[in-house]
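Okay, so here's the structure we're looking at.
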Amino acid sequence: MTALVKEAAVQRALSLDIRSVSHHYDIAGVRFEVLDDISLSLEPGEFVALLGPSGCGKSTLLRLAAGLERPRTGTLLEDNTEIEAPDPSRLLVFQDPTLFPWRTVRKNVATGLEARGLLPEKAHRIDEALSLVRLEDFANAYPRQLSGGMAQRVALARALVNDPGLLLLDEPFGKLDSLTRLSLQTEFLKLWQNAGFTALLVTHDVEEALLLAGRVVVLSDRPARILAEFKVPLDYPRHRDDPDFIRLRRDILHRLGVQNV
Amino acid sequence: MASADILCSFKEMNVMSDVAQTADGGAISTSVPSFSIWHPGLVAAVFWFLTAAITWGLPDVIPWGSQGLFAAMTAVGGGVLVALALTIHHLGALGRRIAYWGPWFIAVGVWFLVWEYTTAKTGWLPKPFFSPPHGLLQVYVVDWSRLLICIGYSLRLWGIGFFSGITVGFALGVALGWSARFNYWGMPVLKLIGPVPATAWIPATFYFFPTTFHASIFLVALSCGIPVAILTAAGVSQVNRAFYDVARTLGANERFLVLKVAVPAALNHVFVGLFMGLYYSFAVLVVAEMLGAKYGLGWYIAFQSAYSAYANVYATIVIMAILCSGLVKLLFVARDRLLVWQEKGLI
Ligand SMILES: Nc1ncnc2c1ncn2[C@@H]1O[C@H](COP(=O)(O)OP(=O)(O)O)[C@@H](O)[C@H]1O
Ligand SMILES: [Mg+2]
């Protein structure tokens with residue numbers, strides 16, 4: 001793991017600017033608003049959590065940031081360059097692990113390096129990424145042989161092995177059992193602190209957002225608008241029983257419309 | 001698309017390969033009794049010896065030849081069965097595999113006996129339309145060199161036709177499934193021409209090609225290329241879009257998307273097309289050989305039936321059965337190798 005961290009530190013963290021982005025889909029001829037004038041800036045190396053009810057448009061925003069789709073209005077910039085197409089400098093960890101079922105775990109993790117022709121010189125990073133998510137014993141297994149949590153960890157390793165400058169995470173810990181989730185959150189936090197990439201984490205778990213992010217952005221119901229932003233001025237490692245943590249949690253839940261917690 | 005029902009029927013067909021997996025899996029007992037004689041083996045040996053005895057002992061109504069050879073072969077078979085009956089429980093896994101087929105050894109023995117008796121020995125099933133087992137044997141003994149040449153010719157024609165057909169069909173299928181423009185122009189043509197039986201082209205192709213050999217290759221290639229093309233196209237166009245999204249974010253170019261994402265994801269469909277193509281190619285091969293070739297198993301059948309040499313015809317059909325089922329088996333093995341990732345359970 002330390003090797004992965006050291007080498008990853010070479011990769012420069014990238015900034016992300018989302019400027020007045022609105023987006024809609026046409027479903028059977030009906031216009032279906034998903035994002036409503038979202039503006040958000042991430043400094044290089046910042047860790048921001050996007051919190052919102054399910055179906056509000058969080059995954060859509062990440063797809064736009066990844067360059068898989070273009071916004072209907074507004075622009076997205078990575079390091080002041082407009083995002084027009086996917087690029088391995090910014091990686092998206094999808095909500096479903098979407099592993100390639102015909103590739104072993106190792107080959108899944110190797111996909112990015114292979115696609116960019118970096119496989120020979122960076123092959124050792126695959127083992128490092130696998131040990132980071134503690135799946136070195138499953139390197140030669142096929143995805144059908146993995147549990148949901150293990151598959152999500154492979155998906156994470158598949159992104160990390162490429163040393164992204166900006167990592168977009170779509171509820172990556174959502175499907176893990178609570179113990180695995182806790183340890184992987186901690187691991188991920190360490191990785192981010194050491195490697196220093198920029199992270200945009202989508203989640204519907206308030207505690208996860210508060211444990212990890214330096215800033216929490218709360219989105220409304222669909223079409224998503226930014227309702228509020230909370231700075232999280234707490235030192236790592238954070239504790240759930242910290243009075244500031246509890247207060248922030250209550251404020252955010254209140255903003256999301258949940259009372260009496 | 002229309003290939004969906006074809007696909008279903010081939011899923012059922014695949015079941016044929018799993019011999020041992022029947023619904024009443026326990027029905028054929030292979031359990032080992034405490035005192036170590038394998039009774040089905042002895043029963044089978046009785047019938048094999050009986051066959052040897054009447055083949056050798058009773059005269060043929062009309063002489064067929066190879067009478068002694070067949071009697072010797074069945075007698076040796078009976079001897080081996082007796083030996084197995086006494087030793088099979090010491091042979092471990094191999095013994096259990098052989099014991100599984102015990103009822104079949106009995107059935108084959110009975111079949112030989114009845115067949116031999118009703119044809120050669122009594123003439124109830126008369127020459128030339130029926131032949132006893134040693135009649136077929138006689139064909140192999142007398143005509144083996146010509147049959148070997150015919151096998152060689154058939155395999156050459158089938159090999160060239162099949163492999164060029166599936167190569168072109170696969171490439172075409174990938175293009176049709178991947179490129180919208182290719183699909184727009186290609187798919188209607190394929191859908192129109194695809195269902196026409198390849199044999200319908202025989203008169204035209206024999207006219208257009210310089211030799212009947214070239215025409216036959218084209219027909220075999222056409223017969224297997226079309227199902228491979230249609231099913232590959234269906235497979236490629238049905239690939240989950242999310243796989244492309246993941247690969248694109250990881251830096252994949254179009255070449256990688258086609259070769260490393262679309263093709264492996266579609267491989268299951270491709271194999272359904274290959275199995276269909278394999279069966280069609282056999283049919284077309286034999287017809288083409290019957291009509292235009294100078295050698296080959298299809299030609300041999302047509303030639304011999306013109307002389308009412310039905311024993312030769314049956315002997316050739318036996319060879320074809322072995323060759324074709326062997327090729328089908330090979331394709332199953334290839335499929336299981338390539339699709340190991342989608343098997344149930346651990347590796
Ligand atoms: N490709 C698409 N076509 C049409 N509608 C879509 C598409 N992707 C997402 N949507 C719709 O947009 C809305 C927001 O989806 P999504 O971004 O996945 O929400 P979230 O990730 O916040 O749960 C949903 O109602 C969904 O049905
Ligand atoms: Mg989502």
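Order determines the names: the first chain of the structure tokens is A, the second B, and so forth; residues in each chain are numbered 1 upward, and ligands are numbered 1 upward as they are shown.
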Do you know which residues are at most 10 Å from range 194-211 of chain B counting only C-alpha atoms, after dropping those on the same chain fewer than 3 positions away, and could you put them as a PyMOL selection string?
chain B and resi 187-191+214-216+218-227+229-230+280-281+283-285+287-288+291-293
Write out as a ChimeraX atom specification the residues lying within 12 Å of Val258 in chain A, counting only C-alpha atoms and excluding same-chain residues fewer than 4 positions away.
/A:53,206,249-254
I want to know what sits within 12 Å of His134 in chain B, based on only C-alpha atoms, with residues of the same chain fewer than 3 positions away left out; could you give that as number ranges by chain?
B: 51-52, 55-56, 60, 63-74, 112-113, 115-117, 119-121, 130-131, 137-142, 311-312, 314-315
Could you please extract the residues within 12 Å of ligand 2, counting only C-alpha atoms and all ligand atoms, and hand them back as a list in words?
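The residues within 12 Å of ligand 2, counting only C-alpha atoms and all ligand atoms, are Val34, Leu50, Leu51, Gly52, Pro53, Ser54, Gly55, Cys56, Gly57, Lys58, Ser59, Thr60, Leu61, Leu62, Arg63, Val93, Phe94, Gln95, Asp96, Leu169, Asp170, Glu171, Pro172, Gly174, Leu201, Val202, Thr203, His204 and Arg222 of chain A.
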From the list A:Asn140, A:Thr186, A:Gln193, A:Ser147, which residue is nearest chain B when using only C-alpha atoms?
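Going through A:Asn140, A:Thr186, A:Gln193, A:Ser147 one by one, the smallest distance to chain B is for A:Asn140.
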Output the contact residues of chain A with respect to chain B at a cut-off of 9 Å, based on only C-alpha atoms, as a PyMOL selection string.
chain A and resi 66-68+85-94+98-104+111-116+141-145+158-159+162
